[in-house]
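K.L.:
I have a structure I would like to understand better, so I am pasting it below and will then ask my questions one at a time.
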Amino acid sequence: MNLISDRVQALREQMKQFKISAYIIPSTDPHNSEYVAEHWQGREWISGFTGSSGTVVITENDGGLWTDGRYFIQAEQQLEDSGIRLFKDQTQAVPTFMEWLAETLKKEARVGFDGSVVTIAQTRKMEESFKEKNIQIVSEHDLLDLIWENRPTLPNKKIFLHDEKFAGKSSQQKLEELREEMKKQKVDHHLITTLDDIAWLYNFRGDDVSFCPVAIANAIVSLDQAYLFIDPMKASQEIVKKLMAEGITIQPYNEIGLILNNLPDGDSILISPQNLNQKLHHQIPEKINIVEGRHLTTLMKAVKNPIEIAHYKECLRRDGVAMVQFMKWLDETVPMGTVTELSAEKQLAAFRRQQEHFFDLSFNTIAGYKEHGAMMHYAATAKTDVTISNEGFFLVDSGGLYFDGTTDITRTFNYGPLSEAEKKDYTLVARGNISLAKAKFKKDSRGMNLDVLARAPMWAEGIDYGCGTGHGVGFFLNVHEGPQNLSQKLVDVPLVPGMVITNEPGIYRAGKHGIRIENIMLVVEDEKNEFGEFHRFETITLAPINTKPIIKEMMTGNEIQWLNDYHQRVYNELSPRLNEEENKWLFENTKVI
């Protein structure tokens with residue numbers, strides 16, 4: 001019996017009942033989250049594909065999964081014998097799922113999805129794609145709920161306050177700043193639906209979603225009131241009292257429609273079409289004027305305040321200590337033949353848990369040996385776990401959630417001789433990382449303007465990687481945070497001082513190896529002259545970069561100098577926190593090349 005095939009067949013039976021020709025199952029929840037609570041992991045349940053990104057479409061006699069380049073290898077393996085085909089999204093000649101449906105469905109067909117997990121922006125794209133064939137959209141039915149036996153319930157864990165000594169500002173201060181922005185936008189109310197924005201604004205954290213310290217909630221901020229819509233059982237009396245003192249009223253999660261209905265006639269409300277789901281959008285009464293744009297809190301949250309920045313740097317020092325302990329452990333233990341992907345992952349987590357202010361991991365650790373490293377978001381399991389030996393590369397991408405920051409770091413290791421081709425790939429990745437780290441750029445530059453710096457050494461050799469180069473990182477919040485990024489795609493948001501962003505170029509050769517080097521960088525001011533204002537990056541991750549595979553002759557003098565200077569800083573900042581043996585190891589592994 002094929003469990004996935006049975007589930008797909010059960011879905012098709014429900015589709016017949018509702019006269020639906022195609023049913024769409026995205027990866028998101030009602031808040032357009034990247035990582036979602038188990039209750040909304042329907043795409044994984046129906047397909048068996050465990051990646052964090054992708055869309056499944058089931059038709060009467062076909063089915064497909066659309067996902068991006070991070071997951072192609074993984075998806076091919078996990079979809080085997082499922083009857084669901086892989087569509088390699090964002091690659092040449094591969095249609096989007098909307099284009100595919102518009103091409104394959106008959107005129108006036110009906111396409112269904114659960115409107116609570118699809119945004120209005122996505123719905124509008126579908127309407128435009130389906131217009132020529134007059135294909136109807138049906139968004140009121142959650143068909144998975146009819147067939148998903150023992151579906152996980154909504155999470156109900158308690159929220160807790162995020163101390164102002166870490167946050168740098170009270171929620172009252174943040175609300176005052178938000179309201180000033182609302183006045184500039186000439187809006188009376190702001191509907192905020194993204195979980196990390198709400199947690200940041202109201203200075204609380206939760207544990208509803210794995211690796212993300214958030215809670216299921218919505219918020220409405222008016223010029224004279226602020227609401228938090230959440231399961232009342234999640235908030236203690238202490239938290240209720242604290243929030244009320246800062247002008248925040250708690251209401252049950254499912255009563256947001258009542259508040260929306262009671263807003264004064266003719267008032268305006270700011271929404272984010274990229275994040276607001278179709279179902280909640282329908283609850284905004286016609287008497288309210290809708291203004292569309294980005295959540296104002298998103299940019300406010302992305303620019304860290306001076307107190308957050310100071311804590312973030314301290315957090316990264318402690319995380320660097322855990323990384324040094326882990327690297328030393330690998331060096332000593334791998335030769336014994338007892339280290340596997342899973343045991344390495346477990347040991348690294350143990351080192352992090354020893355650090356002050358640790359809360360959880362910031363994502364599922366990627367510990368990929370040899371060909372597993374070529375899968376950008378590989379997750380070792382008991383079935384795939386392998387022993388690390390003295391051949392090839394071992395890629396480890398990991399991070400921690402701390403009360404004073406979120407970390408994300410990748411290092412690629414080797415424990416024996418490498419081929420010239422492997423060394424060349426590694427050196428190209430190191431050069432790409434250093435090139436971006438050294439960048440000085442004009443004020444108002446976008447991530448797309450700088451992304452090429454990391455790719456240039458690889459492009460010169462006819463090599464590229466199928467993902468972005470960097471993403472924003474939250475402050476004791478989600479490891480992936482917008483709006484800024486480093487990518488070939490235009491995100492029309494300038495990189496401004498106070499933003500943090502990752503620097504993670506890589507080379508991925510299917511069936512052979514993956515190589516990635518990742519640090520977190522802070523955008524800082526550089527200089528102002530007759531040509532304008534300039535910014536630069538300050539690398540704030542502190543951990544040795546493996547230099548054994550580097551072909552020194554391939555690097556420029558400036559690149560070598562940057563690496564040596566970085567390692568000197570790593571040693572100076574971490575050595576006082578290490579014991580004698582750890583210090584000795586760090587000294588050897590931060591020597592000049």
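Numbering starts fresh at 1 for the residues of each chain in the structure tokens, the chains themselves are lettered A, B, ... in the order given, and ligands are numbered from 1 as they appear.
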Looking only at alpha helix (DSSP H) from DSSP on the backbone, list the matching residues of segment 278-401 of chain A as a ChimeraX atom specification.
P.N.:
/A:278-281,296-302,306-333,341-353
K.L.:
Excluding Arg569 of chain A and residues on its chain fewer than 5 positions from it, collect all residues at most 10 Å away from it, counting only C-alpha atoms, and give them as a PyMOL selection string.
P.N.:
chain A and resi 542-544+563-564+574-575+590
K.L.:
Quick one: residues within 10 Å of Glu314 of chain A, only C-alpha atoms, excluding same-chain residues fewer than 4 positions away - as number ranges by chain?
P.N.:
A: 308-310, 318-320, 404-405, 540
K.L.:
For Thr387 of chain A, which of A:Gly511, A:Pro335, A:Gly532, A:Pro576 is the closest residue, counting only C-alpha atoms?
P.N.:
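Result for the nearest residue to Thr387 of chain A: A:Pro335.
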K.L.:
Set the distance at 10 Å and use only C-alpha atoms: which residues neighbour segment 554-561 of chain A once local chain neighbours fewer than 3 positions away are removed? I'd like the list as a VMD selection string.
P.N.:
chain A and resid 424 427 to 428 430 to 435 437 to 438 457 550 to 551 564 to 567 592 to 593
K.L.:
Within 7 Å of segment 279-290 of chain A, counting only C-alpha atoms, which residues show up once you throw out same-chain ones fewer than 6 positions away? Write them as a list in words, please.
P.N.:
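Answer for this query is Gly115, Ser116, Gly257, Leu260, Asn261, Asp265, Gly266, Asp267, Ser268, Ile269 and Leu270 of chain A.
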K.L.:
When DSSP works through the backbone of this structure, what residues of segment 200-349 of chain A end up as strand (DSSP E or B), shown as a list in words?
P.N.:
Phe204, Arg205, Val209, Cys212, Asn218, Ala219, Ile220, Val221, Ser222, Ala226, Tyr227, Leu228, Phe229, Ile248, Thr249, Ile250, Gln251, Ser268, Ile269, Leu270, Ile271, Asn277, Asn289, Ile290, Val291, Glu292 and Thr340 of chain A
K.L.:
Produce a file of the selected residues containing N, CA and C atoms, as a CSV table (one decimal), in the first residue's frame.
P.N.:
```csv
chain,number,residue,atom,x,y,z
A,204,PHE,N,6.8,40.1,22.8
A,204,PHE,CA,6.6,38.7,23.4
A,204,PHE,C,7.2,37.7,22.4
A,205,ARG,N,7.3,36.5,22.9
A,205,ARG,CA,7.8,35.4,22.1
A,205,ARG,C,6.9,34.2,22.4
A,209,VAL,N,5.8,27.3,16.7
A,209,VAL,CA,6.3,26.9,15.4
A,209,VAL,C,7.8,26.4,15.7
A,212,CYS,N,11.0,28.8,15.4
A,212,CYS,CA,10.6,30.2,15.3
A,212,CYS,C,9.9,30.6,16.6
A,218,ASN,N,-2.9,37.6,15.4
A,218,ASN,CA,-3.1,38.7,14.5
A,218,ASN,C,-3.1,40.0,15.3
A,219,ALA,N,-2.9,41.1,14.6
A,219,ALA,CA,-2.9,42.4,15.4
A,219,ALA,C,-3.6,43.5,14.5
A,220,ILE,N,-4.2,44.4,15.2
A,220,ILE,CA,-4.7,45.6,14.6
A,220,ILE,C,-4.2,46.8,15.5
A,221,VAL,N,-3.5,47.7,14.8
A,221,VAL,CA,-3.1,48.9,15.5
A,221,VAL,C,-3.8,50.1,14.9
A,222,SER,N,-4.5,50.8,15.8
A,222,SER,CA,-5.2,52.1,15.4
A,222,SER,C,-4.4,53.2,16.0
A,226,ALA,N,-4.7,49.5,20.3
A,226,ALA,CA,-3.9,48.3,19.8
A,226,ALA,C,-4.5,47.0,20.2
A,227,TYR,N,-4.7,46.1,19.3
A,227,TYR,CA,-5.3,44.8,19.7
A,227,TYR,C,-4.3,43.7,19.4
A,228,LEU,N,-4.4,42.7,20.2
A,228,LEU,CA,-3.7,41.4,19.9
A,228,LEU,C,-4.7,40.3,19.9
A,229,PHE,N,-4.9,39.6,18.8
A,229,PHE,CA,-5.8,38.5,18.7
A,229,PHE,C,-5.1,37.2,18.8
A,248,ILE,N,-2.4,47.8,25.0
A,248,ILE,CA,-2.7,46.7,24.1
A,248,ILE,C,-3.8,45.8,24.7
A,249,THR,N,-4.9,45.6,24.0
A,249,THR,CA,-6.0,44.8,24.4
A,249,THR,C,-6.0,43.5,23.8
A,250,ILE,N,-6.1,42.4,24.6
A,250,ILE,CA,-6.1,41.1,24.1
A,250,ILE,C,-7.5,40.6,23.7
A,251,GLN,N,-7.7,40.1,22.6
A,251,GLN,CA,-9.0,39.5,22.1
A,251,GLN,C,-8.8,38.1,21.6
A,268,SER,N,-9.7,54.2,7.1
A,268,SER,CA,-8.8,53.5,6.2
A,268,SER,C,-7.9,52.5,7.0
A,269,ILE,N,-7.6,51.4,6.4
A,269,ILE,CA,-6.8,50.3,7.0
A,269,ILE,C,-5.7,49.9,6.1
A,270,LEU,N,-4.5,49.8,6.6
A,270,LEU,CA,-3.4,49.4,5.8
A,270,LEU,C,-3.2,47.9,5.9
A,271,ILE,N,-3.1,47.2,4.8
A,271,ILE,CA,-2.9,45.7,4.7
A,271,ILE,C,-1.8,45.4,3.8
A,277,ASN,N,-4.3,36.7,4.2
A,277,ASN,CA,-4.9,35.6,3.5
A,277,ASN,C,-6.3,36.0,3.0
A,289,ASN,N,-12.0,51.7,3.9
A,289,ASN,CA,-11.1,52.0,2.8
A,289,ASN,C,-9.8,51.2,3.0
A,290,ILE,N,-9.5,50.3,2.0
A,290,ILE,CA,-8.3,49.5,2.1
A,290,ILE,C,-7.1,50.2,1.4
A,291,VAL,N,-6.0,50.3,2.1
A,291,VAL,CA,-4.8,50.8,1.6
A,291,VAL,C,-3.8,49.7,1.6
A,292,GLU,N,-3.1,49.4,0.4
A,292,GLU,CA,-2.2,48.3,0.3
A,292,GLU,C,-0.8,48.7,0.3
A,340,THR,N,28.9,10.5,12.8
A,340,THR,CA,28.0,10.5,11.7
A,340,THR,C,27.4,11.9,11.6
```
K.L.:
Calculate how many Å separate atom CA of Tyr369 of chain A from atom CA of Gly392 of chain A, rounding to one decimal.
P.N.:
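Atom CA of Gly392 of chain A lies at a distance of 7.8 Å from atom CA of Tyr369 of chain A.
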K.L.:
Tell me which protein, DNA and RNA residues are within 10 Å of Ile388 of chain A, counting only C-alpha atoms, leaving out same-chain ones fewer than 6 positions away, and put them as a list in words.
P.N.:
Leu330, Thr333, Val334, Pro335, Met336, Gly337, Thr338, Val339, Thr340, Glu341, Ala344, Gly368, Tyr369, Lys370, Phe394, Asn414 and Tyr415 of chain A
K.L.:
Hey, which of A:Glu420, A:Leu578, A:Leu342, A:Thr539 ends up closest to Lys313 of chain A? Count only C-alpha atoms.
P.N.:
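Counting only C-alpha atoms, the residue closest to Lys313 of chain A is A:Thr539.
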K.L.:
List the neighbours of segment 483-491 of chain A out to 8 Å using only C-alpha atoms; skip same-chain residues closer than 3 positions along the sequence, and give me the result as an MDAnalysis selection string.
P.N.:
chainID A and resid 298:299 302 446:448 450:452 467:472 494:495 501
K.L.:
Once you have the residues from the selection above, write them out as a CSV table (one decimal), in the first residue's frame, restricted to all heavy atoms.
P.N.:
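What ended up in part.csv:
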```csv
chain,number,residue,atom,x,y,z
A,298,THR,N,7.7,45.7,9.3
A,298,THR,CA,8.7,44.8,8.7
A,298,THR,C,10.0,45.5,8.6
A,298,THR,O,11.1,45.0,8.9
A,298,THR,CB,8.2,44.3,7.4
A,298,THR,OG1,7.0,43.5,7.6
A,298,THR,CG2,9.2,43.3,6.7
A,299,LEU,N,10.0,46.7,8.1
A,299,LEU,CA,11.2,47.5,7.9
A,299,LEU,C,11.7,48.0,9.3
A,299,LEU,O,12.9,48.0,9.5
A,299,LEU,CB,11.0,48.7,7.0
A,299,LEU,CG,12.2,49.5,6.6
A,299,LEU,CD1,13.3,48.6,6.0
A,299,LEU,CD2,11.9,50.6,5.6
A,302,ALA,N,13.5,45.2,10.8
A,302,ALA,CA,14.7,44.8,10.1
A,302,ALA,C,15.9,45.7,10.5
A,302,ALA,O,17.1,45.2,10.5
A,302,ALA,CB,14.5,44.9,8.6
A,446,ARG,N,20.6,48.3,-3.5
A,446,ARG,CA,19.7,47.2,-3.2
A,446,ARG,C,20.6,45.9,-3.2
A,446,ARG,O,21.7,45.9,-3.7
A,446,ARG,CB,18.6,47.0,-4.2
A,446,ARG,CG,17.3,47.8,-4.0
A,446,ARG,CD,17.5,49.3,-3.9
A,446,ARG,NE,16.2,50.0,-3.8
A,446,ARG,CZ,16.1,51.2,-3.4
A,446,ARG,NH1,17.2,52.0,-3.2
A,446,ARG,NH2,14.9,51.8,-3.4
A,447,GLY,N,20.0,44.8,-2.6
A,447,GLY,CA,20.7,43.6,-2.5
A,447,GLY,C,21.1,43.1,-3.9
A,447,GLY,O,22.2,42.5,-4.0
A,448,MET,N,20.3,43.3,-4.9
A,448,MET,CA,20.6,42.8,-6.2
A,448,MET,C,21.8,43.5,-6.8
A,448,MET,O,22.6,42.9,-7.6
A,448,MET,CB,19.4,43.0,-7.2
A,448,MET,CG,19.5,42.4,-8.5
A,448,MET,SD,18.1,42.6,-9.6
A,448,MET,CE,18.3,44.3,-10.1
A,450,LEU,N,24.5,44.1,-5.2
A,450,LEU,CA,25.7,43.5,-4.6
A,450,LEU,C,25.9,42.0,-4.8
A,450,LEU,O,27.0,41.5,-4.6
A,450,LEU,CB,25.7,43.9,-3.1
A,450,LEU,CG,25.7,45.4,-2.8
A,450,LEU,CD1,25.5,45.6,-1.3
A,450,LEU,CD2,26.9,46.1,-3.3
A,451,ASP,N,24.8,41.3,-5.0
A,451,ASP,CA,24.8,39.9,-5.1
A,451,ASP,C,25.8,39.4,-6.1
A,451,ASP,O,26.5,38.3,-5.9
A,451,ASP,CB,23.4,39.4,-5.6
A,451,ASP,CG,23.3,37.9,-5.8
A,451,ASP,OD1,23.1,37.2,-4.8
A,451,ASP,OD2,23.4,37.5,-6.9
A,452,VAL,N,26.0,40.1,-7.2
A,452,VAL,CA,27.0,39.7,-8.2
A,452,VAL,C,28.4,39.6,-7.7
A,452,VAL,O,29.2,38.8,-8.2
A,452,VAL,CB,26.9,40.6,-9.4
A,452,VAL,CG1,27.4,42.0,-9.0
A,452,VAL,CG2,27.7,40.1,-10.6
A,467,CYS,N,20.2,29.8,-5.8
A,467,CYS,CA,19.5,30.4,-4.7
A,467,CYS,C,20.0,31.8,-4.5
A,467,CYS,O,21.0,32.2,-5.1
A,467,CYS,CB,19.6,29.5,-3.4
A,467,CYS,SG,21.3,29.4,-2.8
A,468,GLY,N,19.5,32.5,-3.6
A,468,GLY,CA,20.0,33.8,-3.2
A,468,GLY,C,21.3,33.7,-2.4
A,468,GLY,O,21.7,32.6,-2.0
A,469,THR,N,22.0,34.8,-2.2
A,469,THR,CA,23.3,34.8,-1.5
A,469,THR,C,23.1,35.2,-0.1
A,469,THR,O,23.9,34.8,0.8
A,469,THR,CB,24.2,35.8,-2.2
A,469,THR,OG1,24.4,35.4,-3.6
A,469,THR,CG2,25.6,35.9,-1.5
A,470,GLY,N,22.0,35.9,0.3
A,470,GLY,CA,21.9,36.3,1.7
A,470,GLY,C,20.5,36.7,2.0
A,470,GLY,O,19.7,37.1,1.1
A,471,HIS,N,20.1,36.6,3.3
A,471,HIS,CA,18.8,36.9,3.8
A,471,HIS,C,19.0,37.7,5.1
A,471,HIS,O,19.9,37.5,5.8
A,471,HIS,CB,18.0,35.7,4.0
A,471,HIS,CG,18.6,34.6,4.9
A,471,HIS,ND1,18.5,34.7,6.3
A,471,HIS,CD2,19.3,33.5,4.6
A,471,HIS,CE1,19.2,33.7,6.8
A,471,HIS,NE2,19.7,33.0,5.8
A,472,GLY,N,18.0,38.5,5.5
A,472,GLY,CA,17.9,39.1,6.8
A,472,GLY,C,17.8,38.1,7.8
A,472,GLY,O,17.3,36.9,7.6
A,494,PRO,N,16.4,49.3,0.1
A,494,PRO,CA,17.8,49.6,0.2
A,494,PRO,C,18.4,48.9,1.5
A,494,PRO,O,17.7,48.7,2.4
A,494,PRO,CB,17.8,51.1,0.3
A,494,PRO,CG,16.5,51.5,0.8
A,494,PRO,CD,15.5,50.5,0.3
A,495,LEU,N,19.7,48.6,1.4
A,495,LEU,CA,20.4,48.1,2.6
A,495,LEU,C,20.8,49.3,3.4
A,495,LEU,O,21.6,50.2,3.0
A,495,LEU,CB,21.6,47.3,2.1
A,495,LEU,CG,21.3,46.1,1.3
A,495,LEU,CD1,22.6,45.4,0.8
A,495,LEU,CD2,20.5,45.1,2.1
A,501,ILE,N,22.4,40.8,7.6
A,501,ILE,CA,22.2,40.0,6.4
A,501,ILE,C,23.2,38.9,6.3
A,501,ILE,O,24.4,39.1,6.7
A,501,ILE,CB,22.1,40.9,5.1
A,501,ILE,CG1,21.5,40.1,4.0
A,501,ILE,CG2,23.5,41.4,4.8
A,501,ILE,CD1,21.0,41.1,2.9
```
K.L.:
How many Å lie between atom CA of Met98 of chain A and atom CA of His377 of chain A, rounded to one decimal?
P.N.:
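That distance, rounded to one decimal, is 25.3 Å.
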